[in-house]
Number of protein chains: 2
Amino acid sequence: MRTPLCDVFGIEHPIFAFTPSEHVAAAVSRAGGLGVLGCVRFNDPAELDRTLTWLDDHTDGKPYGVDIVMPMKVPTEGTSVDLGSRIPEEHRRFVDETLLRLGVPPLAEGEGREGVLGWLHSVARSHLDIALAHRPVLIANALGSPPVDVIEQCHAHGVQVAALAGAAKHALSHVANGVDIIIAQGYEAGGHTGEIASMVLTPDIVDAVGPDVPVLGAGGIGSGRQVAASLALGAQGVWTGSIWLGTEEYRSLTGSSGWEAAFTRATSSDTVRTRVYTGKPARLLKTRWTEAWAEEGAPDPLPMPLQNLLVADAHNRINASGDPDVIAMPVGQIVGRMNEVRPVADVMADLVEEFGRAVSSLDRIRG
Amino acid sequence: MRTPLCDVFGIEHPIFAFTPSEHVAAAVSRAGGLGVLGCVRFNDPAELDRTLTWLDDHTDGKPYGVDIVMPMKVPTEGTSVDLGSRIPEEHRRFVDETLLRLGVPPLAEGEGREGVLGWLHSVARSHLDIALAHRPVLIANALGSPPVDVIEQCHAHGVQVAALAGAAKHALSHVANGVDIIIAQGYEAGGHTGEIASMVLTPDIVDAVGPDVPVLGAGGIGSGRQVAASLALGAQGVWTGSIWLGTEEYRSLTGSSGWEAAFTRATSSDTVRTRVYTGKPARLLKTRWTEAWAEEGAPDPLPMPLQNLLVADAHNRINASGDPDVIAMPVGQIVGRMNEVRPVADVMADLVEEFGRAVSSLDRIRG
């Protein structure tokens, strides 16, 4: 399995794996793909630095990438304290009452932490500075083009820049800003996503940016047949995320068995695209928590970054409680296919093997 | 391009084309696919009978199919007059005021007609009886399983039955009812559609029904790359619809040039999934008409079949006026790819040729 992107990055398979877990990222890179570590969860720059040092040491010299969350336009900044003062009392009351109604216990002493500050521009900048002191080959930005000086900074370090796009016009604007690789993020994807499904979006973007800009297909990819479909649509590689939640290497981050129970029983109908996680539309597992926000009388979610500050503590409580009916989990429609927990290397081997079988089947159909 | 379905139906390419136009259906069948005539627009059984006779005479002896709209459970019946009495005055007023606000003129003398009665069970039954007196090889039902006696009636005539499904559990229930072929209708499709995108839905359904039940991929298919993607996902053929609106053969049904202006300028972002057309969620072109129903204070659409009776006359007025900003058109996200009007034979030739190129490209990637 080989596209030009394999040569660009020195990887065996054009399978990119976004994951907040350094253990998953390292295992994907060792297995011939490109592990991409999500940085948004690191509030403490020193912790990110230690984690990237660990990655440097556990990828057998293979390449890896880093994912940041940086809007192009610098948004309202502030500490979590002064941003917190802009959260309406009605919203805080709704969160408190909903947690009570859903039976989510408070955190134990010392378990709390402040909201995820990675959504703040200044924190994302610090992530970038730390990452560039290590050896990533790719910086991906989950919110589209990063600021142009950030792109230039990456290029000065010989690092390629990828950006997510949910429509062809956004992809064109990323390319104009200097982005090297477009991630076509389809409607079915987990996390932040637009309205256009992968089947339509991937060739739209491939045709819009032309043959010189590699496109990764994202959204709905959890099997080798789906890898083949995405490459048939013109992608040079695939960007995967949700499927890595179902791996043994991810377990150090899940915190509870409720998490695994939730995704193994879910079908592809059990997700919802909602603004409750960050303030921008993102696909989550549909649970009593997301349903509560959809009920008559629930407040509208706040804009980014306020919404995540509002719910961060609630999400910590929910996920610590481990109740699979309530859990707060970004995941794509592919969750219906995540029915067991396996080692990363097995998942990778299956993707590659099933890709080969899908292509053989198409060969027979073509005749 | 050959799958076992080609032998079942005696067709050259497993490309199925749903269309309300007998001219498009005939041209697709003549070009080696299977044209499937949508019957819902025929209020007058004699007109359907004449149209099928025309099809019998204009397909060069090649096979064709027929599409009906029949719920499994017999819904509230009635003439358009007594059903009309169940439409709230508020809804009628909203439609009248919206048409006035959008500048849609009344129909000229003699242009009006009653609502589309094909949504009524009794009318769909008459469509079936008429169709079976001709030579269709396939009856497809847009609303899932038809009643079991209908399936048996088709089988007694040697006609296969296909049914649309938007989730694996619906597909399994169709198979249990005796349906022969499942059409996996993804979120991106035009007309009635569910929430799960094709990239996820097609393999979900293929795996659920097993190798003995052929699956057609539907939603987002308007190019050979998309045909290849759908077959890579395990479909034995594709079910297409929107792309045939952009053909010369369809022009006898469009009524105005506004229709073509509307779809040639639309991007894949310009559709919306809404209940305003029939009462069930269906994807339409996003226009000032669909936006009016989404505004604050607009009434909720009525259940099927009342909503279509409510808006049928409005749709006639809108489409006769030809204003591309207002037009009422079921279409999928693939509309972004419909940028010119061409003969059916050219569209078919491109699908087949690009399919071949996509498979060759996958061959090179596999190595």
# chains A, B, ... in the order shown; residues from 1 in each chain; ligands from 1
call {"tool": "interface_residues", "arguments": {"of": "chain B", "to": "chain A", "cutoff": "7 Å", "atoms": "only C-alpha atoms", "output": "VMD selection string"}}
result
chain B and resid 1 to 3 188 196 to 200 220 225 to 226 228 to 230 232 to 233 268 to 269 333 to 334 356 358 to 359 362 to 363 365 to 367
call {"tool": "atom_distance", "arguments": {"atom1": "atom CA of A:Val28", "atom2": "atom CA of A:Thr278"}}
result
27.4 Å
call {"tool": "atom_distance", "arguments": {"atom1": "atom CA of A:Gly158", "atom2": "atom CA of A:Val137"}}
result
7.6 Å
call {"tool": "select_by_dssp", "arguments": {"residues": "stretch 46-215 of chain A", "states": "strand (DSSP E or B)", "output": "VMD selection string"}}
result
chain A and resid 64 to 68 138 to 141 160 to 165 181 to 185 191 to 192 215
call {"tool": "atom_distance", "arguments": {"atom1": "atom CA of B:Thr59", "atom2": "atom CA of B:Ala26"}}
result
5.1 Å
call {"tool": "residues_around", "arguments": {"residues": "A:Pro303", "least_positions_apart": "4", "cutoff": "10 Å", "atoms": "only C-alpha atoms", "output": "ChimeraX atom specification"}}
result
/A:275-276,278-280,307-308
call {"tool": "select_by_dssp", "arguments": {"residues": "stretch 141-270 of chain A", "states": "alpha helix (DSSP H)", "output": "ChimeraX atom specification"}}
result
/A:148-156,168-177,198-209,224-232,251-254,257-265
call {"tool": "residues_around", "arguments": {"residues": "B:Thr264", "least_positions_apart": "6", "cutoff": "7 Å", "atoms": "only C-alpha atoms", "output": "number ranges by chain"}}
result
B: 338-340
call {"tool": "write_last_selection", "arguments": {"atoms": "C-alpha atoms", "output": "tab-separated table (two decimals), in the first residue's frame"}}
result
chain	number	residue	atom	x	y	z
B	338	MET	CA	-23.96	18.66	-11.53
B	339	ASN	CA	-22.62	21.59	-13.52
B	340	GLU	CA	-23.89	20.95	-17.03
call {"tool": "closest_residue", "arguments": {"among": "A:Asp207, A:Glu152, A:Asp212, A:Asp313", "to": "A:Ile181", "atoms": "only C-alpha atoms"}}
result
A:Asp212
call {"tool": "closest_atom_pairs", "arguments": {"of": "stretch 302-333 of chain B", "to": "stretch 90-105 of chain B", "cutoff": "9 Å", "atoms": "only C-alpha atoms", "output": "JSON lines"}}
result
{"residue": "B:Leu302", "atom": "CA", "partner": "B:His91", "partner_atom": "CA", "distance": 8.6}
{"residue": "B:Leu310", "atom": "CA", "partner": "B:Arg92", "partner_atom": "CA", "distance": 7.0}
{"residue": "B:Val311", "atom": "CA", "partner": "B:Val95", "partner_atom": "CA", "distance": 7.4}
{"residue": "B:Ala314", "atom": "CA", "partner": "B:Val95", "partner_atom": "CA", "distance": 7.3}
{"residue": "B:Arg317", "atom": "CA", "partner": "B:Val104", "partner_atom": "CA", "distance": 6.7}
{"residue": "B:Ile318", "atom": "CA", "partner": "B:Val104", "partner_atom": "CA", "distance": 6.0}
{"residue": "B:Ala320", "atom": "CA", "partner": "B:Pro105", "partner_atom": "CA", "distance": 8.8}
{"residue": "B:Ser321", "atom": "CA", "partner": "B:Val104", "partner_atom": "CA", "distance": 6.4}
{"residue": "B:Asp323", "atom": "CA", "partner": "B:Val104", "partner_atom": "CA", "distance": 8.1}
{"residue": "B:Val326", "atom": "CA", "partner": "B:Leu102", "partner_atom": "CA", "distance": 7.4}
call {"tool": "residues_around", "arguments": {"residues": "A:Gly33", "least_positions_apart": "2", "cutoff": "7 Å", "atoms": "only C-alpha atoms", "output": "list of chain:residue names"}}
result
A:Ile11, A:Glu12, A:His13, A:Pro14, A:Ile15, A:Phe16, A:Val28, A:Ser29, A:Ala31, A:Gly35
call {"tool": "closest_residue", "arguments": {"among": "B:Ala163, B:Leu172, B:Val341, B:Val66", "to": "B:Leu216", "atoms": "only C-alpha atoms"}}
result
B:Ala163
